[in-house]
Amino acid sequence: MDRKSKIVIAVFVLIVVGIIITEIVRPRPINWRPSYTSVDKIPFGCFVLYNELPSIFPNSTIETVDKSVYDVLIDRDSTLTSNYMFINEYIDLDQQETNQILDYVDRGNTVFIAATGFGWELMDTLNIDFGADYSLKEGTTILDLTHEKFEKEKFKLSRGAFNSYFTSVDSTKATILGHISYTIENYLDGEPDEEVTKPNLIKTRFGKGHFIISTTPQAYSNYYMLKGNSDYVAHTFSYLQDADVLYWDNYKKSGRVFIDSPMRFVLNQISLKWAYYLSILGILLFVIFKGKREQRIIPVIEPLKNSSVEFAQAVGSLYHQNKDYTDLINKKINYFLAHIRSQYHIETAQINEKTIQLLAAKAGKDIQETKVLIEYILKLKNKNAHTEQESIALNKKITAFKQ
């Protein structure tokens with residue numbers, strides 16, 4: 001490697017290192033994307049809440065669910081009482097999952113849902129519906145609880161909160177546990193803004209169990225847990241039963257990571273994933289150091305020229321110029337007979353009917369074709385002078401026989 005190439009590579013490496021260092025030290029913009037997963041520390045993740053669950057539910061075993069609701073409920077130990085907790089922007093439940101959840105609650109368990117919607121089938125069964133008011137700019141939203149112990153406490157949401165609420169509930173089964181209050185701005189001149197209070201937290205009975213549903217999942221995020229609203233979360237969780245198991249849903253989340261690669265199985269297994277990464281790294285290091293140790297200039301070697309064709313053309317030209325067809329025919333006959341002896345191991349000192357049959361059998365040719373060739377050769381051998389046409393005819397017959 002020459003000096004110029006080394007300088008170019010060094011400059012390139014310095015630029016790459018500079019970009020990497022810049023990206024590392026550059027302050028990251030805050031990610032306000034709603035995630036609600038147990039591992040996300042962004043404002044609208046649920047890392048704080050998830051790690052506080054053992055202290056909020058000291059008598060329950062926390063089980064993180066990373067698969068379908070149907071798979072969890074179909075395989076669970078039905079002898080244990082449990083709570084199932086869903087927190088996300090929207091909970092997408094299909095028909096099978098809805099049936100399993102309804103059966104799960106009907107047997108005396110509790111499902112907590114904090115979302116702005118969770119599928120028409122479940123909403124229709126529980127006879128509830130949602131609504132929302134949107135504003136062009138963010139304002140302050142107030143949450144409160146109806147219980148006499150909590151009714152004097154107010155909890156503020158200032159960012160990322162959607163003004164979602166219940167538009168209808170089944171009054172025979174549902175109990176309103178909390179409200180959301182906010183201001184609807186009136187953009188007409190002289191018209192005052194409207195203060196609105198709507199129910200946002202209910203407890204509804206189904207069979208032997210209950211659904212506790214909140215339309216404000218943002219209140220359970222990291223941002224508001226650390227902003228002094230942790231008491232609101234604790235108060236709402238106090239309506240859940242003291243169960244043996246708490247299922248934390250980490251599957252139906254906006255921030256769940258999906259792997260679409262054909263190697264998703266390998267990348268989903270920790271040991272296989274690291275083995276794959278280490279293999280790639282090892283191959284790269286091998287290529288770099290192996291190439292550096294053995295790289296050298298490869299000399300250009302001219303291939304040897306095959307002059308057999310030129311020699312044959314020269315000899316053929318001499319025969320053609322001298323018109324010595326008799327000598328040419330004799331040589332072709334001798335070469336062909338030598339070919340028969342070496343290729344098929346047939347004696348050619350005396351050529352007769354037996355020789356023709358043996359040659360036809362070993363060469364896989366028709367007896368009549370072989371007989372015509374041999375008789376033509378014998379005919380030419382018995383002549384003293386030959387013509388150009390006989391030389392051409394012999395060459396065609398021998399070539400056809402060898403094919």
# chains A, B, ... in the order shown; residues from 1 in each chain; ligands from 1
>>> closest_atom_pairs(of="stretch 85-147 of chain A", to="stretch 219-235 of chain A", cutoff="10 Å", atoms="only C-alpha atoms", output="CSV")
residue,atom,partner,partner_atom,distance
A:Ile87,CA,A:Tyr220,CA,7.8
A:Asn88,CA,A:Tyr220,CA,9.5
A:Ala114,CA,A:Tyr220,CA,8.3
A:Leu143,CA,A:Tyr232,CA,8.4
A:Asp144,CA,A:Tyr232,CA,8.2
A:Leu145,CA,A:His235,CA,8.4
A:His147,CA,A:His235,CA,9.5
>>> write_last_selection(atoms="C-alpha atoms", output="compact mmCIF listing (two decimals), in the first residue's frame")
# COMPACT_ATOMS: atom_id res chain seq x y z
CA ILE A 87 -51.93 0.42 29.40
CA ASN A 88 -51.57 1.81 25.89
CA ALA A 114 -56.04 2.50 30.51
CA LEU A 143 -58.07 14.56 37.01
CA ASP A 144 -59.99 13.80 40.19
CA LEU A 145 -61.50 10.78 41.94
CA HIS A 147 -64.14 8.46 46.48
>>> residues_around(residues="A:Tyr182", least_positions_apart="6", cutoff="10 Å", atoms="only C-alpha atoms", output="PDB file with C-alpha atoms, in the first residue's frame")
ATOM      1  CA  ASP A 133     -62.377  16.814  22.520  1.00  0.00           C
ATOM      2  CA  GLY A 139     -53.940  23.163  27.951  1.00  0.00           C
ATOM      3  CA  THR A 140     -54.115  21.950  31.521  1.00  0.00           C
ATOM      4  CA  THR A 141     -56.244  18.889  32.203  1.00  0.00           C
ATOM      5  CA  ILE A 142     -57.401  18.077  35.737  1.00  0.00           C
ATOM      6  CA  LEU A 143     -58.065  14.558  37.011  1.00  0.00           C
ATOM      7  CA  LEU A 157     -51.817  16.864  33.158  1.00  0.00           C
ATOM      8  CA  ASN A 163     -59.235  14.884  26.537  1.00  0.00           C
ATOM      9  CA  GLU A 194     -66.345  26.320  28.178  1.00  0.00           C
ATOM     10  CA  GLU A 195     -65.278  24.351  31.254  1.00  0.00           C
ATOM     11  CA  VAL A 196     -66.104  20.674  30.835  1.00  0.00           C
ATOM     12  CA  THR A 197     -66.085  17.751  33.302  1.00  0.00           C
ATOM     13  CA  LYS A 198     -66.539  14.228  32.017  1.00  0.00           C
TER      14      LYS A 198
END
>>> select_by_dssp(residues="stretch 105-352 of chain A", states="strand (DSSP E)", output="VMD selection string")
chain A and resid 110 to 114 129 to 133 141 to 145 155 to 157 163 to 168 174 to 184 194 to 206 209 to 214 245 to 249
>>> residues_around(residues="A:Gln357", least_positions_apart="3", cutoff="12 Å", atoms="only C-alpha atoms", output="ChimeraX atom specification")
/A:346,351-354,360-371,374
>>> write_last_selection(atoms="C-alpha atoms", output="CSV table (one decimal), in the first residue's frame")
chain,number,residue,atom,x,y,z
A,346,ILE,CA,-8.8,-54.3,-32.0
A,351,ILE,CA,-9.2,-56.6,-41.6
A,352,ASN,CA,-12.1,-58.9,-42.2
A,353,GLU,CA,-15.8,-59.4,-41.4
A,354,LYS,CA,-15.1,-60.2,-37.8
A,360,ALA,CA,-19.2,-51.7,-34.6
A,361,ALA,CA,-20.0,-53.3,-31.3
A,362,LYS,CA,-17.3,-51.5,-29.3
A,363,ALA,CA,-17.8,-48.2,-31.0
A,364,GLY,CA,-21.6,-48.4,-30.7
A,365,LYS,CA,-22.1,-47.8,-34.4
A,366,ASP,CA,-24.3,-49.4,-37.0
A,367,ILE,CA,-22.7,-52.5,-38.7
A,368,GLN,CA,-23.6,-51.2,-42.1
A,369,GLU,CA,-22.0,-47.8,-41.4
A,370,THR,CA,-18.9,-49.4,-40.1
A,371,LYS,CA,-18.7,-51.8,-43.1
A,374,ILE,CA,-13.8,-50.1,-43.7
>>> select_by_dssp(residues="stretch 201-370 of chain A", states="alpha helix (DSSP H)", output="compact mmCIF listing (two decimals) with N, CA and C atoms, in the first residue's frame")
# COMPACT_ATOMS: atom_id res chain seq x y z
N ASN A 222 -44.15 7.61 32.54
CA ASN A 222 -43.00 8.08 33.32
C ASN A 222 -43.11 9.57 33.63
N TYR A 223 -43.54 10.34 32.63
CA TYR A 223 -43.56 11.79 32.76
C TYR A 223 -44.41 12.24 33.95
N TYR A 224 -45.62 11.67 34.06
CA TYR A 224 -46.51 12.11 35.14
C TYR A 224 -46.28 11.35 36.44
N MET A 225 -45.70 10.16 36.36
CA MET A 225 -45.31 9.48 37.60
C MET A 225 -44.23 10.27 38.34
N SER A 230 -48.00 10.36 41.08
CA SER A 230 -47.93 8.94 41.43
C SER A 230 -49.06 8.53 42.38
N ASP A 231 -49.55 9.48 43.19
CA ASP A 231 -50.66 9.16 44.10
C ASP A 231 -51.93 8.82 43.32
N TYR A 232 -52.13 9.49 42.18
CA TYR A 232 -53.30 9.19 41.37
C TYR A 232 -53.26 7.74 40.89
N VAL A 233 -52.09 7.30 40.46
CA VAL A 233 -51.93 5.93 40.00
C VAL A 233 -52.21 4.96 41.15
N ALA A 234 -51.64 5.25 42.31
CA ALA A 234 -51.84 4.37 43.46
C ALA A 234 -53.31 4.31 43.87
N HIS A 235 -54.00 5.46 43.81
CA HIS A 235 -55.42 5.49 44.18
C HIS A 235 -56.24 4.65 43.20
N THR A 236 -55.98 4.78 41.92
CA THR A 236 -56.77 4.01 40.95
C THR A 236 -56.48 2.52 41.07
N PHE A 237 -55.25 2.16 41.41
CA PHE A 237 -54.91 0.74 41.57
C PHE A 237 -55.50 0.16 42.86
N ARG A 264 -35.47 -13.36 12.39
CA ARG A 264 -36.09 -12.87 13.62
C ARG A 264 -35.98 -13.85 14.78
N PHE A 265 -35.98 -15.17 14.49
CA PHE A 265 -35.85 -16.14 15.58
C PHE A 265 -34.48 -16.02 16.22
N VAL A 266 -33.43 -15.92 15.40
CA VAL A 266 -32.08 -15.77 15.93
C VAL A 266 -31.94 -14.48 16.72
N LEU A 267 -32.51 -13.39 16.18
CA LEU A 267 -32.37 -12.08 16.82
C LEU A 267 -33.24 -11.97 18.07
N ASN A 268 -34.24 -12.84 18.22
CA ASN A 268 -35.08 -12.82 19.41
C ASN A 268 -34.50 -13.63 20.56
N ILE A 270 -31.36 -14.27 22.95
CA ILE A 270 -30.19 -13.50 23.38
C ILE A 270 -28.89 -14.21 23.00
N SER A 271 -28.79 -15.50 23.33
CA SER A 271 -27.54 -16.23 23.07
C SER A 271 -27.26 -16.33 21.58
N LEU A 272 -28.30 -16.64 20.79
CA LEU A 272 -28.11 -16.75 19.34
C LEU A 272 -27.79 -15.40 18.72
N LYS A 273 -28.41 -14.35 19.22
CA LYS A 273 -28.15 -13.02 18.67
C LYS A 273 -26.70 -12.61 18.88
N TRP A 274 -26.18 -12.83 20.10
CA TRP A 274 -24.78 -12.46 20.36
C TRP A 274 -23.82 -13.36 19.61
N ALA A 275 -24.17 -14.63 19.45
CA ALA A 275 -23.33 -15.52 18.65
C ALA A 275 -23.26 -15.04 17.20
N TYR A 276 -24.40 -14.58 16.68
CA TYR A 276 -24.45 -14.07 15.30
C TYR A 276 -23.59 -12.81 15.16
N TYR A 277 -23.73 -11.88 16.11
CA TYR A 277 -22.94 -10.64 16.04
C TYR A 277 -21.44 -10.92 16.18
N LEU A 278 -21.08 -11.82 17.08
CA LEU A 278 -19.66 -12.15 17.26
C LEU A 278 -19.10 -12.84 16.02
N SER A 279 -19.91 -13.65 15.36
CA SER A 279 -19.46 -14.32 14.13
C SER A 279 -19.18 -13.29 13.04
N ILE A 280 -20.10 -12.33 12.87
CA ILE A 280 -19.89 -11.29 11.87
C ILE A 280 -18.64 -10.48 12.18
N LEU A 281 -18.47 -10.12 13.46
CA LEU A 281 -17.28 -9.35 13.86
C LEU A 281 -16.01 -10.15 13.61
N GLY A 282 -16.02 -11.44 13.94
CA GLY A 282 -14.85 -12.29 13.73
C GLY A 282 -14.49 -12.40 12.25
N ILE A 283 -15.50 -12.54 11.39
CA ILE A 283 -15.25 -12.63 9.95
C ILE A 283 -14.64 -11.34 9.43
N LEU A 284 -15.16 -10.19 9.89
CA LEU A 284 -14.61 -8.90 9.46
C LEU A 284 -13.16 -8.74 9.88
N LEU A 285 -12.86 -9.10 11.14
CA LEU A 285 -11.47 -9.00 11.62
C LEU A 285 -10.56 -9.94 10.83
N PHE A 286 -11.06 -11.14 10.54
CA PHE A 286 -10.25 -12.09 9.76
C PHE A 286 -9.93 -11.53 8.38
N VAL A 287 -10.95 -10.97 7.71
CA VAL A 287 -10.73 -10.42 6.37
C VAL A 287 -9.75 -9.27 6.41
N ILE A 288 -9.89 -8.38 7.41
CA ILE A 288 -9.00 -7.21 7.50
C ILE A 288 -7.55 -7.63 7.72
N PHE A 289 -7.30 -8.47 8.73
CA PHE A 289 -5.93 -8.83 9.06
C PHE A 289 -5.35 -9.83 8.07
N LYS A 290 -6.15 -10.74 7.56
CA LYS A 290 -5.66 -11.70 6.58
C LYS A 290 -5.28 -10.98 5.28
N GLY A 291 -6.13 -10.04 4.87
CA GLY A 291 -5.83 -9.29 3.66
C GLY A 291 -4.59 -8.42 3.82
N LYS A 292 -4.40 -7.85 5.00
CA LYS A 292 -3.24 -7.00 5.23
C LYS A 292 -1.96 -7.81 5.22
N ARG A 293 -1.99 -9.03 5.74
CA ARG A 293 -0.78 -9.86 5.83
C ARG A 293 -0.38 -10.44 4.47
N GLU A 294 -1.34 -10.73 3.62
CA GLU A 294 -1.03 -11.44 2.39
C GLU A 294 -1.20 -10.61 1.12
N SER A 308 -0.38 -26.08 -31.67
CA SER A 308 -0.75 -27.31 -32.39
C SER A 308 -1.62 -27.00 -33.59
N VAL A 309 -2.55 -26.07 -33.43
CA VAL A 309 -3.45 -25.73 -34.53
C VAL A 309 -2.68 -25.11 -35.69
N GLU A 310 -1.76 -24.19 -35.34
CA GLU A 310 -0.95 -23.56 -36.40
C GLU A 310 -0.10 -24.60 -37.13
N PHE A 311 0.46 -25.58 -36.35
CA PHE A 311 1.28 -26.61 -36.98
C PHE A 311 0.45 -27.47 -37.94
N ALA A 312 -0.75 -27.85 -37.50
CA ALA A 312 -1.61 -28.66 -38.35
C ALA A 312 -1.99 -27.90 -39.61
N GLN A 313 -2.28 -26.58 -39.45
CA GLN A 313 -2.61 -25.78 -40.63
C GLN A 313 -1.45 -25.68 -41.60
N ALA A 314 -0.23 -25.58 -41.06
CA ALA A 314 0.96 -25.49 -41.93
C ALA A 314 1.17 -26.77 -42.70
N VAL A 315 1.06 -27.91 -41.99
CA VAL A 315 1.23 -29.20 -42.66
C VAL A 315 0.15 -29.41 -43.71
N GLY A 316 -1.07 -29.06 -43.38
CA GLY A 316 -2.17 -29.20 -44.34
C GLY A 316 -1.95 -28.35 -45.57
N SER A 317 -1.42 -27.14 -45.36
CA SER A 317 -1.14 -26.26 -46.50
C SER A 317 -0.10 -26.87 -47.42
N LEU A 318 0.93 -27.51 -46.84
CA LEU A 318 1.97 -28.13 -47.65
C LEU A 318 1.39 -29.25 -48.52
N TYR A 319 0.58 -30.11 -47.93
CA TYR A 319 -0.04 -31.19 -48.70
C TYR A 319 -0.95 -30.63 -49.79
N HIS A 320 -1.68 -29.58 -49.44
CA HIS A 320 -2.60 -29.00 -50.41
C HIS A 320 -1.84 -28.39 -51.58
N GLN A 321 -0.70 -27.72 -51.28
CA GLN A 321 0.08 -27.11 -52.35
C GLN A 321 0.75 -28.17 -53.24
N ASN A 322 1.26 -29.23 -52.64
CA ASN A 322 1.93 -30.28 -53.42
C ASN A 322 0.96 -31.25 -54.08
N TYR A 325 -2.13 -36.27 -52.64
CA TYR A 325 -3.29 -36.82 -51.95
C TYR A 325 -3.07 -38.27 -51.51
N THR A 326 -2.23 -38.99 -52.25
CA THR A 326 -1.99 -40.39 -51.90
C THR A 326 -1.30 -40.48 -50.54
N ASP A 327 -0.25 -39.71 -50.33
CA ASP A 327 0.45 -39.73 -49.05
C ASP A 327 -0.46 -39.26 -47.91
N LEU A 328 -1.27 -38.24 -48.20
CA LEU A 328 -2.19 -37.72 -47.18
C LEU A 328 -3.22 -38.77 -46.79
N ILE A 329 -3.77 -39.49 -47.81
CA ILE A 329 -4.77 -40.52 -47.51
C ILE A 329 -4.15 -41.67 -46.74
N ASN A 330 -2.94 -42.07 -47.08
CA ASN A 330 -2.27 -43.15 -46.37
C ASN A 330 -2.05 -42.79 -44.90
N LYS A 331 -1.64 -41.54 -44.65
CA LYS A 331 -1.41 -41.12 -43.26
C LYS A 331 -2.72 -41.09 -42.47
N LYS A 332 -3.81 -40.61 -43.10
CA LYS A 332 -5.09 -40.57 -42.40
C LYS A 332 -5.57 -41.97 -42.08
N ILE A 333 -5.34 -42.93 -43.05
CA ILE A 333 -5.75 -44.32 -42.79
C ILE A 333 -4.93 -44.91 -41.67
N ASN A 334 -3.61 -44.66 -41.66
CA ASN A 334 -2.74 -45.20 -40.60
C ASN A 334 -3.12 -44.62 -39.24
N TYR A 335 -3.41 -43.31 -39.19
CA TYR A 335 -3.80 -42.69 -37.92
C TYR A 335 -5.13 -43.27 -37.43
N PHE A 336 -6.06 -43.51 -38.36
CA PHE A 336 -7.35 -44.06 -37.97
C PHE A 336 -7.21 -45.49 -37.45
N LEU A 337 -6.39 -46.30 -38.10
CA LEU A 337 -6.18 -47.67 -37.64
C LEU A 337 -5.49 -47.68 -36.28
N ALA A 338 -4.54 -46.76 -36.08
CA ALA A 338 -3.89 -46.65 -34.77
C ALA A 338 -4.90 -46.26 -33.70
N HIS A 339 -5.82 -45.39 -34.07
CA HIS A 339 -6.90 -44.99 -33.14
C HIS A 339 -7.74 -46.20 -32.74
N ILE A 340 -8.06 -47.07 -33.74
CA ILE A 340 -8.86 -48.27 -33.44
C ILE A 340 -8.11 -49.19 -32.50
N ARG A 341 -6.80 -49.35 -32.71
CA ARG A 341 -6.02 -50.25 -31.84
C ARG A 341 -5.92 -49.70 -30.42
N SER A 342 -5.68 -48.41 -30.28
CA SER A 342 -5.50 -47.84 -28.94
C SER A 342 -6.82 -47.63 -28.20
N GLN A 343 -7.87 -47.27 -28.95
CA GLN A 343 -9.15 -46.94 -28.31
C GLN A 343 -9.99 -48.18 -28.04
N TYR A 344 -10.03 -49.11 -29.01
CA TYR A 344 -10.92 -50.25 -28.89
C TYR A 344 -10.18 -51.58 -28.74
N GLU A 353 -14.46 -59.53 -41.91
CA GLU A 353 -15.83 -59.36 -41.44
C GLU A 353 -15.90 -59.35 -39.92
N LYS A 354 -15.08 -60.18 -39.26
CA LYS A 354 -15.06 -60.23 -37.79
C LYS A 354 -14.58 -58.90 -37.22
N THR A 355 -13.58 -58.31 -37.90
CA THR A 355 -13.06 -57.01 -37.44
C THR A 355 -14.15 -55.95 -37.51
N ILE A 356 -14.95 -55.98 -38.58
CA ILE A 356 -16.03 -54.99 -38.74
C ILE A 356 -17.08 -55.14 -37.64
N GLN A 357 -17.48 -56.38 -37.33
CA GLN A 357 -18.49 -56.61 -36.30
C GLN A 357 -17.99 -56.18 -34.92
N LEU A 358 -16.72 -56.50 -34.63
CA LEU A 358 -16.15 -56.14 -33.33
C LEU A 358 -16.03 -54.63 -33.17
N LEU A 359 -15.59 -53.97 -34.24
CA LEU A 359 -15.47 -52.50 -34.18
C LEU A 359 -16.83 -51.83 -34.01
N ALA A 360 -17.84 -52.31 -34.73
CA ALA A 360 -19.19 -51.73 -34.63
C ALA A 360 -19.74 -51.90 -33.22
N ALA A 361 -19.49 -53.07 -32.60
CA ALA A 361 -20.00 -53.32 -31.25
C ALA A 361 -19.32 -52.42 -30.22
N LYS A 362 -17.99 -52.31 -30.30
CA LYS A 362 -17.27 -51.51 -29.30
C LYS A 362 -17.47 -50.01 -29.50
N ALA A 363 -17.62 -49.59 -30.73
CA ALA A 363 -17.80 -48.15 -30.99
C ALA A 363 -19.26 -47.73 -30.88
N ILE A 367 -23.61 -51.57 -37.96
CA ILE A 367 -22.70 -52.47 -38.69
C ILE A 367 -22.55 -52.03 -40.14
N GLN A 368 -23.66 -51.60 -40.73
CA GLN A 368 -23.60 -51.21 -42.14
C GLN A 368 -22.73 -49.96 -42.31
N GLU A 369 -22.87 -48.99 -41.36
CA GLU A 369 -22.04 -47.78 -41.43
C GLU A 369 -20.56 -48.14 -41.29
N THR A 370 -20.28 -49.02 -40.33
CA THR A 370 -18.88 -49.44 -40.10
C THR A 370 -18.33 -50.19 -41.32
>>> closest_residue(among="A:Ile128, A:Val105, A:Leu304, A:Ile91", to="A:His210", atoms="only C-alpha atoms")
A:Val105
>>> residues_around(residues="A:Tyr90", least_positions_apart="3", cutoff="12 Å", atoms="only C-alpha atoms", output="MDAnalysis selection string")
chainID A and resid 34:36 86:87 93 113:120 130 164 214:218 252:255
>>> write_last_selection(atoms="N, CA and C atoms", output="mmCIF file, in the first residue's frame")
data_model
loop_
_atom_site.group_PDB
_atom_site.id
_atom_site.type_symbol
_atom_site.label_atom_id
_atom_site.label_comp_id
_atom_site.auth_asym_id
_atom_site.auth_seq_id
_atom_site.Cartn_x
_atom_site.Cartn_y
_atom_site.Cartn_z
ATOM 1 N N PRO A 34 -45.590 7.999 22.216
ATOM 2 C CA PRO A 34 -46.210 7.111 23.221
ATOM 3 C C PRO A 34 -45.725 5.682 23.049
ATOM 4 N N SER A 35 -45.236 5.103 24.121
ATOM 5 C CA SER A 35 -44.677 3.753 24.064
ATOM 6 C C SER A 35 -45.374 2.825 25.059
ATOM 7 N N TYR A 36 -45.335 3.207 26.334
ATOM 8 C CA TYR A 36 -45.986 2.476 27.420
ATOM 9 C C TYR A 36 -45.393 1.093 27.672
ATOM 10 N N PHE A 86 -53.650 -3.586 31.296
ATOM 11 C CA PHE A 86 -53.370 -3.085 29.945
ATOM 12 C C PHE A 86 -53.244 -1.564 30.005
ATOM 13 N N ILE A 87 -52.114 -1.031 29.497
ATOM 14 C CA ILE A 87 -51.933 0.416 29.399
ATOM 15 C C ILE A 87 -51.333 0.711 28.032
ATOM 16 N N LEU A 93 -57.927 -5.569 20.405
ATOM 17 C CA LEU A 93 -58.344 -6.917 20.801
ATOM 18 C C LEU A 93 -59.177 -7.552 19.698
ATOM 19 N N ILE A 113 -57.769 -1.507 32.408
ATOM 20 C CA ILE A 113 -57.443 -1.002 31.073
ATOM 21 C C ILE A 113 -57.344 0.515 31.139
ATOM 22 N N ALA A 114 -56.201 1.054 30.680
ATOM 23 C CA ALA A 114 -56.040 2.497 30.513
ATOM 24 C C ALA A 114 -55.759 2.733 29.041
ATOM 25 N N ALA A 115 -56.770 3.178 28.306
ATOM 26 C CA ALA A 115 -56.648 3.362 26.860
ATOM 27 C C ALA A 115 -57.811 4.217 26.385
ATOM 28 N N THR A 116 -57.679 4.730 25.166
ATOM 29 C CA THR A 116 -58.753 5.524 24.573
ATOM 30 C C THR A 116 -59.670 4.672 23.701
ATOM 31 N N GLY A 117 -59.456 3.352 23.707
ATOM 32 C CA GLY A 117 -60.301 2.428 22.958
ATOM 33 C C GLY A 117 -59.706 1.036 23.012
ATOM 34 N N PHE A 118 -60.551 0.001 22.862
ATOM 35 C CA PHE A 118 -60.011 -1.361 22.958
ATOM 36 C C PHE A 118 -60.839 -2.364 22.157
ATOM 37 N N GLY A 119 -61.422 -1.961 21.086
ATOM 38 C CA GLY A 119 -62.131 -2.919 20.242
ATOM 39 C C GLY A 119 -63.632 -2.839 20.424
ATOM 40 N N TRP A 120 -64.339 -2.907 19.298
ATOM 41 C CA TRP A 120 -65.791 -2.721 19.328
ATOM 42 C C TRP A 120 -66.489 -3.847 20.077
ATOM 43 N N PHE A 130 -66.694 5.768 23.963
ATOM 44 C CA PHE A 130 -65.716 6.804 24.240
ATOM 45 C C PHE A 130 -65.970 8.022 23.363
ATOM 46 N N SER A 164 -59.962 12.583 26.567
ATOM 47 C CA SER A 164 -60.828 11.441 26.267
ATOM 48 C C SER A 164 -61.716 11.159 27.474
ATOM 49 N N SER A 214 -59.853 3.236 32.375
ATOM 50 C CA SER A 214 -59.490 4.655 32.360
ATOM 51 C C SER A 214 -59.303 5.093 30.916
ATOM 52 N N THR A 215 -59.746 6.296 30.594
ATOM 53 C CA THR A 215 -59.550 6.845 29.251
ATOM 54 C C THR A 215 -58.306 7.722 29.167
ATOM 55 N N THR A 216 -57.487 7.725 30.235
ATOM 56 C CA THR A 216 -56.309 8.607 30.280
ATOM 57 C C THR A 216 -55.048 7.791 30.550
ATOM 58 N N PRO A 217 -54.534 7.069 29.560
ATOM 59 C CA PRO A 217 -53.325 6.263 29.791
ATOM 60 C C PRO A 217 -52.086 7.112 30.072
ATOM 61 N N GLN A 218 -52.108 8.397 29.640
ATOM 62 C CA GLN A 218 -50.938 9.253 29.855
ATOM 63 C C GLN A 218 -50.615 9.417 31.341
ATOM 64 N N LYS A 252 -49.254 -5.739 23.734
ATOM 65 C CA LYS A 252 -50.076 -4.814 22.952
ATOM 66 C C LYS A 252 -49.682 -3.380 23.288
ATOM 67 N N LYS A 253 -48.470 -3.018 22.830
ATOM 68 C CA LYS A 253 -47.914 -1.702 23.109
ATOM 69 C C LYS A 253 -47.543 -0.999 21.816
ATOM 70 N N SER A 254 -47.689 0.332 21.828
ATOM 71 C CA SER A 254 -47.273 1.115 20.669
ATOM 72 C C SER A 254 -45.776 1.040 20.461
ATOM 73 N N GLY A 255 -45.023 0.908 21.547
ATOM 74 C CA GLY A 255 -43.569 0.911 21.451
ATOM 75 C C GLY A 255 -42.941 -0.459 21.362
#
>>> atom_distance(atom1="atom CA of A:Asp71", atom2="atom CA of A:Asp103")
13.7 Å
>>> residues_around(residues="stretch 392-394 of chain A", least_positions_apart="2", cutoff="10 Å", atoms="only C-alpha atoms", output="list in words")
Tyr325, Ile329, Lys332, Ile333, Leu373, Tyr376, Ile377, Leu380, Thr387, Glu388, Gln389, Glu390, Lys396, Lys397, Ile398, Thr399 and Ala400 of chain A
>>> closest_residue(among="A:Gln350, A:Asp40, A:Ser68, A:Thr204", to="A:Ser171", atoms="only C-alpha atoms")
A:Thr204
>>> decode(residues="stretch 78-112 of chain A", atoms="C-alpha atoms", output="CSV table (one decimal), in the first residue's frame")
chain,number,residue,atom,x,y,z
A,78,SER,CA,-57.1,-20.9,37.0
A,79,THR,CA,-56.8,-21.8,40.7
A,80,LEU,CA,-55.0,-18.5,41.3
A,81,THR,CA,-56.7,-15.2,41.5
A,82,SER,CA,-55.2,-12.5,39.3
A,83,ASN,CA,-55.4,-9.0,37.8
A,84,TYR,CA,-54.6,-8.2,34.2
A,85,MET,CA,-53.2,-4.7,33.4
A,86,PHE,CA,-53.4,-3.1,29.9
A,87,ILE,CA,-51.9,0.4,29.4
A,88,ASN,CA,-51.6,1.8,25.9
A,89,GLU,CA,-52.9,4.5,23.5
A,90,TYR,CA,-55.2,1.9,22.0
A,91,ILE,CA,-55.7,-1.8,22.9
A,92,ASP,CA,-56.4,-3.8,19.8
A,93,LEU,CA,-58.3,-6.9,20.8
A,94,ASP,CA,-59.6,-9.5,18.3
A,95,GLN,CA,-62.7,-11.7,18.8
A,96,GLN,CA,-60.8,-14.6,20.4
A,97,GLU,CA,-59.0,-12.4,22.8
A,98,THR,CA,-62.2,-10.6,23.7
A,99,ASN,CA,-63.9,-13.9,24.5
A,100,GLN,CA,-61.0,-15.0,26.6
A,101,ILE,CA,-61.0,-11.7,28.6
A,102,LEU,CA,-64.7,-11.9,29.2
A,103,ASP,CA,-64.5,-15.4,30.4
A,104,TYR,CA,-61.4,-14.5,32.6
A,105,VAL,CA,-63.4,-11.7,34.3
A,106,ASP,CA,-66.5,-13.7,34.6
A,107,ARG,CA,-64.6,-16.2,36.7
A,108,GLY,CA,-63.9,-13.5,39.3
A,109,ASN,CA,-60.7,-11.8,38.1
A,110,THR,CA,-60.1,-8.1,37.4
A,111,VAL,CA,-58.9,-6.4,34.2
A,112,PHE,CA,-57.5,-2.9,34.4
